[in-house]
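**Student:** Structure supplied as protein.pdb; contents: PDB, C-alpha atoms.
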```pdb
ATOM      1  CA  MET A 202     188.382  98.403  30.181
ATOM      2  CA  PRO A 203     186.618  96.893  27.150
ATOM      3  CA  ASP A 204     184.779  93.616  26.668
ATOM      4  CA  MET A 205     186.847  90.564  27.692
ATOM      5  CA  ARG A 206     186.715  89.385  24.068
ATOM      6  CA  THR A 207     188.467  92.574  23.034
ATOM      7  CA  VAL A 208     191.100  92.077  25.724
ATOM      8  CA  ALA A 209     191.605  88.523  24.468
ATOM      9  CA  TYR A 210     192.042  89.881  20.915
ATOM     10  CA  TRP A 211     195.003  92.067  21.812
ATOM     11  CA  MET A 212     196.397  89.389  24.131
ATOM     12  CA  ASP A 213     196.326  86.800  21.334
ATOM     13  CA  GLY A 214     199.345  84.532  21.657
ATOM     14  CA  ALA A 215     200.584  86.201  24.834
ATOM     15  CA  ASP A 216     202.062  84.108  27.592
ATOM     16  CA  LYS A 217     199.777  83.462  30.559
ATOM     17  CA  SER A 218     202.159  85.521  32.681
ATOM     18  CA  GLN A 219     200.894  88.648  30.864
ATOM     19  CA  TRP A 220     197.260  88.129  31.838
ATOM     20  CA  TYR A 221     197.071  90.573  34.725
ATOM     21  CA  SER A 222     195.947  94.183  34.840
ATOM     22  CA  GLN A 223     199.404  95.738  35.336
ATOM     23  CA  SER A 224     201.373  93.661  32.839
ATOM     24  CA  PRO A 225     203.527  95.343  30.163
ATOM     25  CA  LEU A 226     201.181  94.184  27.420
ATOM     26  CA  MET A 227     198.175  95.617  29.259
ATOM     27  CA  ALA A 228     200.048  98.899  29.720
ATOM     28  CA  GLN A 229     200.720  99.018  25.977
ATOM     29  CA  HIS A 230     196.956  98.938  25.440
ATOM     30  CA  THR A 231     195.977 101.632  27.933
ATOM     31  CA  LYS A 232     195.215 105.068  26.524
ATOM     32  CA  ALA A 233     195.921 107.458  29.387
ATOM     33  CA  GLY A 234     198.966 108.981  31.016
ATOM     34  CA  ALA A 235     199.678 108.003  34.631
ATOM     35  CA  PHE A 236     196.874 105.470  34.296
ATOM     36  CA  GLU A 237     198.094 103.204  37.100
ATOM     37  CA  ARG A 238     198.022 105.973  39.684
ATOM     38  CA  ARG A 239     194.606 107.152  38.522
ATOM     39  CA  PHE A 240     193.189 103.639  38.449
ATOM     40  CA  ALA A 241     194.599 102.891  41.900
ATOM     41  CA  ILE A 242     192.903 105.902  43.461
ATOM     42  CA  VAL A 243     189.403 105.495  42.061
ATOM     43  CA  MET A 244     189.322 101.689  42.055
ATOM     44  CA  ASN A 245     190.723 101.173  45.542
ATOM     45  CA  GLU A 246     188.341 103.726  47.037
ATOM     46  CA  ASN A 247     185.208 101.902  45.913
ATOM     47  CA  PHE A 248     185.976  98.280  44.949
ATOM     48  CA  ARG A 249     187.610  95.308  46.606
ATOM     49  CA  LEU A 250     191.136  94.548  45.450
ATOM     50  CA  THR A 251     191.330  91.586  43.109
ATOM     51  CA  SER A 252     193.966  89.675  41.180
ATOM     52  CA  ASP A 253     191.358  88.181  38.853
ATOM     53  CA  LEU A 254     191.454  89.954  35.492
ATOM     54  CA  GLU A 255     187.802  89.393  34.554
ATOM     55  CA  THR A 256     186.668  90.776  37.913
ATOM     56  CA  HIS A 257     188.971  93.765  37.492
ATOM     57  CA  VAL A 258     187.612  94.448  34.005
ATOM     58  CA  PHE A 259     184.014  94.316  35.251
ATOM     59  CA  ASN A 260     184.777  96.705  38.121
ATOM     60  CA  THR A 261     186.451  99.242  35.827
ATOM     61  CA  GLN A 262     183.329  99.238  33.672
ATOM     62  CA  ILE A 263     181.056  99.785  36.665
ATOM     63  CA  MET A 264     183.347 102.577  37.843
ATOM     64  CA  GLN A 265     183.100 104.337  34.468
ATOM     65  CA  SER A 266     179.349 103.810  34.302
ATOM     66  CA  GLU A 267     178.749 105.199  37.790
ATOM     67  CA  ALA A 268     180.966 108.238  37.189
ATOM     68  CA  ILE A 269     179.267 109.077  33.894
ATOM     69  CA  SER A 270     175.848 108.512  35.430
ATOM     70  CA  TYR A 271     176.592 110.984  38.225
ATOM     71  CA  ALA A 272     177.893 113.578  35.760
ATOM     72  CA  TYR A 273     174.864 113.334  33.475
ATOM     73  CA  GLN A 274     172.478 113.485  36.424
ATOM     74  CA  SER A 275     174.117 116.682  37.665
ATOM     75  CA  TRP A 276     174.149 118.329  34.255
ATOM     76  CA  ARG A 277     170.512 117.562  33.484
ATOM     77  CA  ARG A 278     169.489 118.697  36.948
ATOM     78  CA  ALA A 279     171.083 122.078  36.207
ATOM     79  CA  TRP A 280     168.531 122.760  33.439
ATOM     80  CA  ARG A 281     166.199 124.198  36.059
ATOM     81  CA  GLY A 282     163.786 126.350  34.056
ATOM     82  CA  LYS A 283     163.519 129.909  32.833
ATOM     83  CA  GLY A 284     166.444 132.001  33.984
ATOM     84  CA  LYS A 285     168.157 128.964  35.519
ATOM     85  CA  GLU A 286     169.338 127.116  32.420
ATOM     86  CA  TYR A 287     172.816 126.490  33.803
ATOM     87  CA  THR A 288     173.644 123.478  31.612
ATOM     88  CA  SER A 289     171.990 123.100  28.237
ATOM     89  CA  GLY A 290     173.728 120.125  26.670
ATOM     90  CA  ILE A 291     176.383 117.434  26.820
ATOM     91  CA  LEU A 292     179.111 116.431  24.377
ATOM     92  CA  VAL A 293     180.056 112.759  24.672
ATOM     93  CA  TRP A 294     183.785 112.018  24.619
ATOM     94  CA  GLN A 295     184.326 109.519  23.337
ATOM     95  CA  LEU A 296     182.178 107.108  21.373
ATOM     96  CA  ASN A 297     184.630 104.397  20.308
ATOM     97  CA  ASP A 298     188.337 103.528  19.975
ATOM     98  CA  CYS A 299     190.551 103.551  16.896
ATOM     99  CA  TRP A 300     192.371 100.432  18.108
ATOM    100  CA  PRO A 301     191.805  97.859  20.885
ATOM    101  CA  VAL A 302     192.639  99.611  24.169
ATOM    102  CA  THR A 303     191.575 100.515  27.667
ATOM    103  CA  SER A 304     190.090 104.004  27.392
ATOM    104  CA  TRP A 305     187.227 106.315  28.330
ATOM    105  CA  ALA A 306     185.252 105.324  25.198
ATOM    106  CA  ILE A 307     181.711 104.043  25.727
ATOM    107  CA  ALA A 308     182.093 101.391  22.983
ATOM    108  CA  ASP A 309     185.310  99.592  22.155
ATOM    109  CA  TYR A 310     187.213  99.091  18.884
ATOM    110  CA  PHE A 311     184.725  96.444  17.764
ATOM    111  CA  LEU A 312     181.790  98.690  18.732
ATOM    112  CA  ARG A 313     180.937  96.456  21.658
ATOM    113  CA  PRO A 314     179.178  98.767  24.124
ATOM    114  CA  LYS A 315     180.359  99.151  27.693
ATOM    115  CA  PRO A 316     177.914  99.638  30.587
ATOM    116  CA  SER A 317     178.391 103.415  30.267
ATOM    117  CA  TYR A 318     176.760 103.280  26.823
ATOM    118  CA  PHE A 319     173.493 102.149  28.390
ATOM    119  CA  THR A 320     173.910 104.519  31.333
ATOM    120  CA  ILE A 321     174.040 107.480  28.953
ATOM    121  CA  ALA A 322     170.978 106.236  27.072
ATOM    122  CA  ARG A 323     168.993 106.040  30.311
ATOM    123  CA  GLN A 324     170.179 109.413  31.578
ATOM    124  CA  LEU A 325     169.239 111.138  28.300
ATOM    125  CA  ALA A 326     165.736 109.678  28.079
ATOM    126  CA  PRO A 327     162.950 112.284  27.798
ATOM    127  CA  VAL A 328     161.794 111.552  31.352
ATOM    128  CA  THR A 329     164.171 110.499  34.130
ATOM    129  CA  VAL A 330     164.142 110.205  37.896
ATOM    130  CA  ILE A 331     167.223 110.419  40.113
ATOM    131  CA  LYS A 332     167.775 109.617  43.757
ATOM    132  CA  ASN A 333     171.010 110.903  45.277
ATOM    133  CA  ARG A 334     172.286 110.114  48.777
ATOM    134  CA  ASN A 335     174.211 112.746  50.723
ATOM    135  CA  ASN A 336     176.145 111.516  53.738
ATOM    136  CA  ASP A 337     176.953 113.808  56.634
ATOM    137  CA  ARG A 338     180.571 112.706  57.087
ATOM    138  CA  PRO A 339     183.307 115.353  56.922
ATOM    139  CA  ARG A 340     185.379 115.280  53.739
ATOM    140  CA  GLN A 341     188.405 113.729  55.459
ATOM    141  CA  PHE A 342     186.264 110.684  56.247
ATOM    142  CA  TYR A 343     184.725 110.357  52.801
ATOM    143  CA  GLU A 344     186.411 107.031  52.103
ATOM    144  CA  PHE A 345     184.197 105.343  54.689
ATOM    145  CA  GLY A 346     181.068 106.677  53.015
ATOM    146  CA  ALA A 347     177.741 105.328  54.182
ATOM    147  CA  MET A 348     179.268 102.947  56.717
ATOM    148  CA  GLN A 349     180.377 105.715  59.086
ATOM    149  CA  SER A 350     177.526 108.127  58.467
ATOM    150  CA  HIS A 351     175.586 109.527  61.393
ATOM    151  CA  ASP A 352     172.764 110.408  59.026
ATOM    152  CA  ALA A 353     171.982 110.516  55.319
ATOM    153  CA  THR A 354     169.626 112.537  53.146
ATOM    154  CA  ILE A 355     167.972 111.428  49.917
ATOM    155  CA  ASP A 356     167.342 114.040  47.219
ATOM    156  CA  VAL A 357     164.899 113.056  44.475
ATOM    157  CA  TRP A 358     164.401 114.967  41.268
ATOM    158  CA  GLY A 359     162.987 114.325  37.831
ATOM    159  CA  THR A 360     163.638 115.670  34.356
ATOM    160  CA  ASN A 361     161.122 116.227  31.590
ATOM    161  CA  ALA A 362     162.411 117.081  28.108
ATOM    162  CA  THR A 363     158.928 117.421  26.629
ATOM    163  CA  LEU A 364     157.070 120.720  26.299
ATOM    164  CA  ASN A 365     154.147 119.644  28.487
ATOM    165  CA  SER A 366     153.766 119.204  32.222
ATOM    166  CA  ARG A 367     153.289 115.610  33.273
ATOM    167  CA  ALA A 368     151.402 114.282  36.284
ATOM    168  CA  VAL A 369     153.093 111.110  37.523
ATOM    169  CA  LYS A 370     153.311 108.867  40.546
ATOM    170  CA  LEU A 371     156.653 108.753  42.360
ATOM    171  CA  GLU A 372     157.271 105.355  43.957
ATOM    172  CA  LEU A 373     160.081 105.012  46.513
ATOM    173  CA  THR A 374     161.237 101.645  47.838
ATOM    174  CA  TYR A 375     164.024 100.752  50.248
ATOM    175  CA  HIS A 376     165.711  97.348  50.637
ATOM    176  CA  ASP A 377     168.287  96.487  53.280
ATOM    177  CA  LEU A 378     171.162  94.312  52.049
ATOM    178  CA  ASN A 379     171.782  92.874  55.526
ATOM    179  CA  SER A 380     168.235  91.888  56.428
ATOM    180  CA  SER A 381     164.739  91.383  55.057
ATOM    181  CA  TRP A 382     163.670  94.943  56.002
ATOM    182  CA  THR A 383     161.902  96.912  53.288
ATOM    183  CA  LEU A 384     159.873 100.118  53.092
ATOM    184  CA  SER A 385     157.820 101.742  50.340
ATOM    185  CA  GLU A 386     155.920 104.965  49.806
ATOM    186  CA  THR A 387     154.275 106.796  46.911
ATOM    187  CA  HIS A 388     153.749 110.459  46.079
ATOM    188  CA  ASP A 389     151.729 112.229  43.403
ATOM    189  CA  VAL A 390     154.024 114.732  41.681
ATOM    190  CA  THR A 391     154.144 116.879  38.564
ATOM    191  CA  LEU A 392     157.125 117.183  36.244
ATOM    192  CA  LEU A 393     157.397 120.689  34.856
ATOM    193  CA  PRO A 394     157.961 121.010  31.083
ATOM    194  CA  ASN A 395     161.437 121.302  29.562
ATOM    195  CA  GLN A 396     163.329 121.349  32.854
ATOM    196  CA  SER A 397     164.261 119.433  35.977
ATOM    197  CA  THR A 398     161.889 119.377  38.941
ATOM    198  CA  GLU A 399     162.962 118.936  42.562
ATOM    199  CA  LEU A 400     160.585 116.364  44.045
ATOM    200  CA  LEU A 401     161.701 115.431  47.554
ATOM    201  CA  SER A 402     164.487 115.835  50.080
ATOM    202  CA  ILE A 403     164.077 113.375  52.941
ATOM    203  CA  ARG A 404     166.043 111.482  55.544
ATOM    204  CA  CYS A 405     167.122 108.112  54.187
ATOM    205  CA  PRO A 406     165.245 105.474  56.186
ATOM    206  CA  GLY A 407     166.771 102.272  57.498
ATOM    207  CA  PRO A 408     165.881  99.172  59.498
ATOM    208  CA  PRO A 409     165.435  99.327  63.289
ATOM    209  CA  GLN A 410     168.711  99.635  65.182
ATOM    210  CA  ASP A 411     167.614  97.619  68.221
ATOM    211  CA  GLY A 412     169.998  94.743  68.878
ATOM    212  CA  VAL A 413     172.252  95.635  65.930
ATOM    213  CA  GLN A 414     175.921  96.492  66.414
ATOM    214  CA  PRO A 415     177.127  99.749  64.803
ATOM    215  CA  PRO A 416     179.218  98.883  61.712
ATOM    216  CA  SER A 417     182.100 101.145  62.754
ATOM    217  CA  GLY A 418     181.731 100.992  66.551
ATOM    218  CA  ASP A 419     180.530 104.603  66.691
ATOM    219  CA  PRO A 420     177.560 104.856  69.087
ATOM    220  CA  ILE A 421     175.987 107.480  66.799
ATOM    221  CA  TRP A 422     175.126 105.809  63.499
ATOM    222  CA  THR A 423     172.455 105.295  60.888
ATOM    223  CA  SER A 424     171.229 101.910  59.720
ATOM    224  CA  SER A 425     170.778 103.284  56.185
ATOM    225  CA  TYR A 426     174.427 102.395  55.466
ATOM    226  CA  SER A 427     173.279  99.083  53.919
ATOM    227  CA  VAL A 428     170.044 100.268  52.280
ATOM    228  CA  VAL A 429     169.420 100.379  48.525
ATOM    229  CA  ALA A 430     167.060 103.267  47.730
ATOM    230  CA  ASN A 431     165.020 102.883  44.542
ATOM    231  CA  ALA A 432     162.796 105.372  42.719
ATOM    232  CA  ARG A 433     160.341 104.898  39.869
ATOM    233  CA  LEU A 434     158.083 107.268  37.959
ATOM    234  CA  LEU A 435     154.810 105.795  36.706
ATOM    235  CA  ASP A 436     152.242 107.375  34.432
ATOM    236  CA  LEU A 437     148.564 107.487  35.319
ATOM    237  CA  ASP A 438     148.059 104.059  33.702
ATOM    238  CA  GLY A 439     150.778 102.487  35.850
ATOM    239  CA  ARG A 440     153.428 102.229  33.128
ATOM    240  CA  VAL A 441     157.025 102.743  34.280
ATOM    241  CA  LEU A 442     158.498 105.888  32.724
ATOM    242  CA  ALA A 443     161.825 105.938  34.548
ATOM    243  CA  ARG A 444     163.681 104.225  37.370
ATOM    244  CA  PHE A 445     166.867 104.687  39.343
ATOM    245  CA  ALA A 446     168.547 102.789  42.199
ATOM    246  CA  ASP A 447     170.934 104.448  44.643
ATOM    247  CA  TRP A 448     173.329 101.994  46.301
ATOM    248  CA  PRO A 449     175.332 102.783  49.450
ATOM    249  CA  GLN A 450     179.022 103.332  48.845
ATOM    250  CA  PRO A 451     181.824 102.388  48.926
ATOM    251  CA  TYR A 452     180.906  99.062  47.373
ATOM    252  CA  ARG A 453     183.920  97.309  48.883
ATOM    253  CA  PHE A 454     182.271  97.341  52.333
ATOM    254  CA  LEU A 455     178.975  95.797  51.202
ATOM    255  CA  ALA A 456     177.919  92.245  52.023
ATOM    256  CA  ILE A 457     175.964  91.690  48.818
ATOM    257  CA  PRO A 458     173.370  88.898  49.046
ATOM    258  CA  ASP A 459     172.488  86.432  46.304
ATOM    259  CA  PRO A 460     169.841  88.270  44.231
ATOM    260  CA  GLN A 461     168.063  84.986  43.389
ATOM    261  CA  LEU A 462     167.869  86.117  39.797
ATOM    262  CA  GLN A 463     165.069  84.750  37.618
ATOM    263  CA  LEU A 464     165.179  84.976  33.814
ATOM    264  CA  ASP A 465     162.456  84.189  31.334
ATOM    265  CA  VAL A 466     163.533  84.142  27.678
ATOM    266  CA  LYS A 467     160.930  84.138  24.915
ATOM    267  CA  GLU A 468     162.566  84.492  21.504
ATOM    268  CA  GLU A 469     164.225  87.922  21.743
ATOM    269  CA  GLN A 470     162.501  89.115  24.929
ATOM    270  CA  VAL A 471     164.331  88.660  28.237
ATOM    271  CA  THR A 472     162.385  89.260  31.454
ATOM    272  CA  LEU A 473     164.360  89.622  34.691
ATOM    273  CA  SER A 474     163.306  89.704  38.315
ATOM    274  CA  VAL A 475     165.064  89.318  41.671
ATOM    275  CA  GLN A 476     164.313  88.525  45.295
ATOM    276  CA  ARG A 477     167.167  90.761  46.541
ATOM    277  CA  PRO A 478     168.684  93.870  44.907
ATOM    278  CA  VAL A 479     171.273  93.404  42.160
ATOM    279  CA  LYS A 480     173.767  95.974  40.887
ATOM    280  CA  GLY A 481     175.102  96.314  37.337
ATOM    281  CA  LEU A 482     173.549  93.117  35.958
ATOM    282  CA  TRP A 483     175.371  92.513  32.671
ATOM    283  CA  LEU A 484     173.983  90.134  30.064
ATOM    284  CA  SER A 485     176.066  88.466  27.376
ATOM    285  CA  VAL A 486     175.839  85.300  25.265
ATOM    286  CA  GLU A 487     177.618  81.990  25.562
ATOM    287  CA  ASP A 488     179.402  81.831  22.218
ATOM    288  CA  GLU A 489     180.716  83.918  19.354
ATOM    289  CA  GLY A 490     178.659  84.815  16.328
ATOM    290  CA  ARG A 491     176.358  87.688  15.568
ATOM    291  CA  GLU A 492     176.546  90.440  18.151
ATOM    292  CA  VAL A 493     173.395  90.813  20.222
ATOM    293  CA  ALA A 494     171.826  94.274  20.151
ATOM    294  CA  TRP A 495     170.535  94.786  23.687
ATOM    295  CA  SER A 496     167.825  97.386  24.223
ATOM    296  CA  ASP A 497     169.259  97.874  27.722
ATOM    297  CA  ASN A 498     171.964  96.303  29.873
ATOM    298  CA  SER A 499     173.967  96.818  33.070
ATOM    299  CA  LEU A 500     170.747  96.854  35.049
ATOM    300  CA  ASP A 501     170.022  97.714  38.670
ATOM    301  CA  ILE A 502     166.992  95.657  39.691
ATOM    302  CA  VAL A 503     165.128  95.506  42.999
ATOM    303  CA  PRO A 504     162.396  93.130  44.181
ATOM    304  CA  GLY A 505     158.998  93.931  42.738
ATOM    305  CA  ASP A 506     160.409  95.763  39.715
ATOM    306  CA  THR A 507     160.483  93.219  36.898
ATOM    307  CA  GLN A 508     162.302  94.485  33.815
ATOM    308  CA  THR A 509     161.988  93.248  30.235
ATOM    309  CA  ILE A 510     164.570  93.985  27.549
ATOM    310  CA  THR A 511     164.977  93.067  23.894
ATOM    311  CA  ALA A 512     167.967  90.997  22.749
ATOM    312  CA  LYS A 513     167.959  91.349  18.963
ATOM    313  CA  GLY A 514     169.995  88.568  17.390
ATOM    314  CA  LEU A 515     169.936  86.305  20.451
ATOM    315  CA  GLY A 516     169.140  83.362  18.206
ATOM    316  CA  GLY A 517     168.397  80.895  20.993
ATOM    317  CA  ARG A 518     171.881  81.141  22.499
ATOM    318  CA  LYS A 519     172.333  80.710  26.227
ATOM    319  CA  LEU A 520     172.842  83.763  28.411
ATOM    320  CA  ARG A 521     175.722  84.636  30.704
ATOM    321  CA  VAL A 522     175.263  87.058  33.582
ATOM    322  CA  ALA A 523     177.624  89.051  35.779
ATOM    323  CA  TYR A 524     176.883  91.563  38.500
ATOM    324  CA  LEU A 525     178.474  93.287  41.459
ATOM    325  CA  GLY A 526     179.503  90.536  43.833
ATOM    326  CA  LYS A 527     179.628  87.932  41.027
ATOM    327  CA  GLU A 528     181.797  89.717  38.499
ATOM    328  CA  LYS A 529     182.888  86.600  36.608
ATOM    329  CA  ALA A 530     180.153  85.811  34.095
ATOM    330  CA  LEU A 531     178.037  82.755  34.879
ATOM    331  CA  LEU A 532     176.167  80.656  32.330
ATOM    332  CA  ILE A 533     172.418  80.588  33.007
TER     333      ILE A 533
END
```
Render the structure in this file as structure tokens.
**Tutor:**
Amino acid sequence: MPDMRTVAYWMDGADKSQWYSQSPLMAQHTKAGAFERRFAIVMNENFRLTSDLETHVFNTQIMQSEAISYAYQSWRRAWRGKGKEYTSGILVWQLNDCWPVTSWAIADYFLRPKPSYFTIARQLAPVTVIKNRNNDRPRQFYEFGAMQSHDATIDVWGTNATLNSRAVKLELTYHDLNSSWTLSETHDVTLLPNQSTELLSIRCPGPPQDGVQPPSGDPIWTSSYSVVANARLLDLDGRVLARFADWPQPYRFLAIPDPQLQLDVKEEQVTLSVQRPVKGLWLSVEDEGREVAWSDNSLDIVPGDTQTITAKGLGGRKLRVAYLGKEKALLI
């Protein structure tokens, strides 16, 4: 779904009884056949049910962003080098809407970008790094995801769209959502030119199991079910070239801690850091006026990985933030 301001635009003058996701007026502004059945399947599998419209809107945007992210990762990975150029490009459908609606567009009728807009920008950067978790559960148990896994494997790969090889440092960090356990490791790797490069395939680590009850009651289990796995690529001078955070799914089972978010705003520069991992951090401004042009948004941030973005047109206005677990925007 689009920005809440766009929803409010088409709901202008509507009775309060229409302000829910399945109302007739909402259906009139949804651009897909059988949308309720399709929404029900993908939303209920990964997100907690909610009757709050703003929370629902946020979750639909995260759903779209995550799906597009996975698709772009897979397609870029398939450009594997000479003789293995299985996917050579991507056509984006669609950029924006011709009227205010719920749709698969990455920017709405008013050209307000959705999280997927920024996801695509990150996935199409010249250099990227991806970390993908593969659970061992049979397909019929897929809805339980990481929680019922006996084991999990992390695949890490990078892409390099330049014509030169690049020596970089791969930094892997792991943060448990249910405890203070963390782990980090680094590897010296080389990204091959104009292709993807497979970097690592390793067992996903997790905190010690001693004294901890299995989440599903199964005596065979892995404690990685609550671990956020983060990857960064750094150049030889220590500058971050790319980052990616893999969160355990489905999200509806996660006990997400307070990230203890810290923001530092200096004119149009916003610096963000956290004490605990945060998913899909979305920045907006308090009031109407000139649209802010964000250099990046919908951020996954982990401790020790401070991120700074540009907010062109911020104009001293106060910021609002929303993220997975706190989907209703809060004034900071």
**Student:** What is the atom CA of A:Leu325 to atom CA of A:Ile269 distance in Å?
**Tutor:**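 Separation between atom CA of A:Leu325 and atom CA of A:Ile269: 11.7 Å.
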**Student:** Just to confirm, what's the straight-line distance from atom CA of A:Leu442 to atom CA of A:Val328 in Å (one decimal)?
**Tutor:** 6.7 Å
**Student:** For this structure, which residues satisfy the selection - the PyMOL selection byres ((chain A and resi 249) around 6) - when it is evaluated on the file as given? I want them as an mmCIF file with C-alpha atoms, in the coordinates of the input.
**Tutor:**
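What landed in expr-v9.cif:
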```cif
data_model
loop_
_atom_site.group_PDB
_atom_site.id
_atom_site.type_symbol
_atom_site.label_atom_id
_atom_site.label_comp_id
_atom_site.auth_asym_id
_atom_site.auth_seq_id
_atom_site.Cartn_x
_atom_site.Cartn_y
_atom_site.Cartn_z
ATOM 1 C CA PHE A 248 185.976 98.280 44.949
ATOM 2 C CA LEU A 250 191.136 94.548 45.450
ATOM 3 C CA ARG A 453 183.920 97.309 48.883
#
```
**Student:** Enumerate, as a ChimeraX atom specification, the residues matched when the PyMOL selection byres ((chain A and resi 228-237) around 10) is run on the file above.
**Tutor:** /A:202,208,211-212,222-227,238-242,298,300-305
**Student:** From the options A:Pro327, A:Pro504, A:Pro394, A:Pro408, which residue's atoms come nearest to A:Gly282, counting all atoms listed in the file?
**Tutor:**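 Once distances to A:Gly282 are computed over all atoms listed in the file, the minimum belongs to A:Pro394.
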**Student:** Got a sec to resolve the PyMOL selection byres ((chain A and resi 422) around 7) on this structure and send the residues as a PyMOL selection string?
**Tutor:** chain A and resi 349-352+415+419-421+423-424
**Student:** Output C-alpha atoms for every residue in the selection just made, as a PDB file, in the frame of the given file.
**Tutor:**
```pdb
ATOM      1  CA  GLN A 349     180.377 105.715  59.086  1.00  0.00           C
ATOM      2  CA  SER A 350     177.526 108.127  58.467  1.00  0.00           C
ATOM      3  CA  HIS A 351     175.586 109.527  61.393  1.00  0.00           C
ATOM      4  CA  ASP A 352     172.764 110.408  59.026  1.00  0.00           C
ATOM      5  CA  PRO A 415     177.127  99.749  64.803  1.00  0.00           C
ATOM      6  CA  ASP A 419     180.530 104.603  66.691  1.00  0.00           C
ATOM      7  CA  PRO A 420     177.560 104.856  69.087  1.00  0.00           C
ATOM      8  CA  ILE A 421     175.987 107.480  66.799  1.00  0.00           C
ATOM      9  CA  THR A 423     172.455 105.295  60.888  1.00  0.00           C
ATOM     10  CA  SER A 424     171.229 101.910  59.720  1.00  0.00           C
TER      11      SER A 424
END
```
**Student:** Residues near stretch 286-290 of chain A, anyone? I mean within 10 Å using all atoms listed in the file, not counting same-chain ones fewer than 5 positions away, as a PyMOL selection string.
**Tutor:** chain A and resi 273+275-281+396-397
**Student:** Considering only C-alpha atoms, state which residue in the set A:Gln410, A:Ser499, A:Ser485, A:Thr398 is at the smallest distance from A:Met205.
**Tutor:**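 Looking only at the distances to A:Met205, the closest residue turns out to be A:Ser485.
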**Student:** Using all atoms listed in the file, which residue out of A:Asp253, A:Glu372, A:Asp465, A:Glu487 lies closest to A:Leu400?
**Tutor:** A:Glu372
**Student:** Using all atoms listed in the file, which residue out of A:Ile307, A:Ala456, A:Val479, A:Val471 lies closest to A:Asp204?
**Tutor:**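 Checking each of A:Ile307, A:Ala456, A:Val479, A:Val471 against A:Asp204, counting all atoms listed in the file, the winner is A:Ile307.
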**Student:** Which residue is closest to A:Tyr318? Choose from A:Leu532, A:Tyr524, A:Ser496, A:Pro406 and count all atoms listed in the file.
**Tutor:** A:Ser496
**Student:** Please, can stretch 527-531 of chain A be completed to all heavy atoms and returned as a PDB file, keeping the file's coordinate frame?
**Tutor:**
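Result file is selection-v8.pdb:
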```
ATOM      1  N   LYS A 527     179.371  89.108  41.862  1.00  0.00           N
ATOM      2  CA  LYS A 527     179.628  87.932  41.027  1.00  0.00           C
ATOM      3  C   LYS A 527     180.104  88.444  39.667  1.00  0.00           C
ATOM      4  O   LYS A 527     179.409  88.338  38.662  1.00  0.00           O
ATOM      5  CB  LYS A 527     178.373  87.064  40.860  1.00  0.00           C
ATOM      6  CG  LYS A 527     177.931  86.351  42.123  1.00  0.00           C
ATOM      7  CD  LYS A 527     178.888  85.215  42.487  1.00  0.00           C
ATOM      8  CE  LYS A 527     178.363  84.443  43.694  1.00  0.00           C
ATOM      9  NZ  LYS A 527     179.284  83.360  44.102  1.00  0.00           N
ATOM     10  N   GLU A 528     181.317  88.996  39.673  1.00  0.00           N
ATOM     11  CA  GLU A 528     181.797  89.717  38.499  1.00  0.00           C
ATOM     12  C   GLU A 528     182.234  88.806  37.356  1.00  0.00           C
ATOM     13  O   GLU A 528     182.318  89.251  36.206  1.00  0.00           O
ATOM     14  CB  GLU A 528     182.943  90.640  38.900  1.00  0.00           C
ATOM     15  CG  GLU A 528     182.557  91.744  39.873  1.00  0.00           C
ATOM     16  CD  GLU A 528     182.547  91.315  41.346  1.00  0.00           C
ATOM     17  OE1 GLU A 528     182.888  90.133  41.615  1.00  0.00           O
ATOM     18  OE2 GLU A 528     182.192  92.146  42.202  1.00  0.00           O
ATOM     19  N   LYS A 529     182.538  87.559  37.652  1.00  0.00           N
ATOM     20  CA  LYS A 529     182.888  86.600  36.608  1.00  0.00           C
ATOM     21  C   LYS A 529     181.600  86.018  36.038  1.00  0.00           C
ATOM     22  O   LYS A 529     180.779  85.458  36.764  1.00  0.00           O
ATOM     23  CB  LYS A 529     183.783  85.500  37.165  1.00  0.00           C
ATOM     24  CG  LYS A 529     185.106  86.015  37.708  1.00  0.00           C
ATOM     25  CD  LYS A 529     186.058  84.888  38.049  1.00  0.00           C
ATOM     26  CE  LYS A 529     186.561  84.196  36.803  1.00  0.00           C
ATOM     27  NZ  LYS A 529     187.666  83.260  37.092  1.00  0.00           N
ATOM     28  N   ALA A 530     181.419  86.167  34.729  1.00  0.00           N
ATOM     29  CA  ALA A 530     180.153  85.811  34.095  1.00  0.00           C
ATOM     30  C   ALA A 530     179.810  84.343  34.305  1.00  0.00           C
ATOM     31  O   ALA A 530     180.667  83.459  34.149  1.00  0.00           O
ATOM     32  CB  ALA A 530     180.213  86.145  32.613  1.00  0.00           C
ATOM     33  N   LEU A 531     178.544  84.099  34.646  1.00  0.00           N
ATOM     34  CA  LEU A 531     178.037  82.755  34.879  1.00  0.00           C
ATOM     35  C   LEU A 531     177.052  82.387  33.777  1.00  0.00           C
ATOM     36  O   LEU A 531     176.243  83.208  33.343  1.00  0.00           O
ATOM     37  CB  LEU A 531     177.330  82.674  36.235  1.00  0.00           C
ATOM     38  CG  LEU A 531     178.140  83.070  37.470  1.00  0.00           C
ATOM     39  CD1 LEU A 531     177.228  83.138  38.687  1.00  0.00           C
ATOM     40  CD2 LEU A 531     179.273  82.086  37.693  1.00  0.00           C
TER      41      LEU A 531
END
```
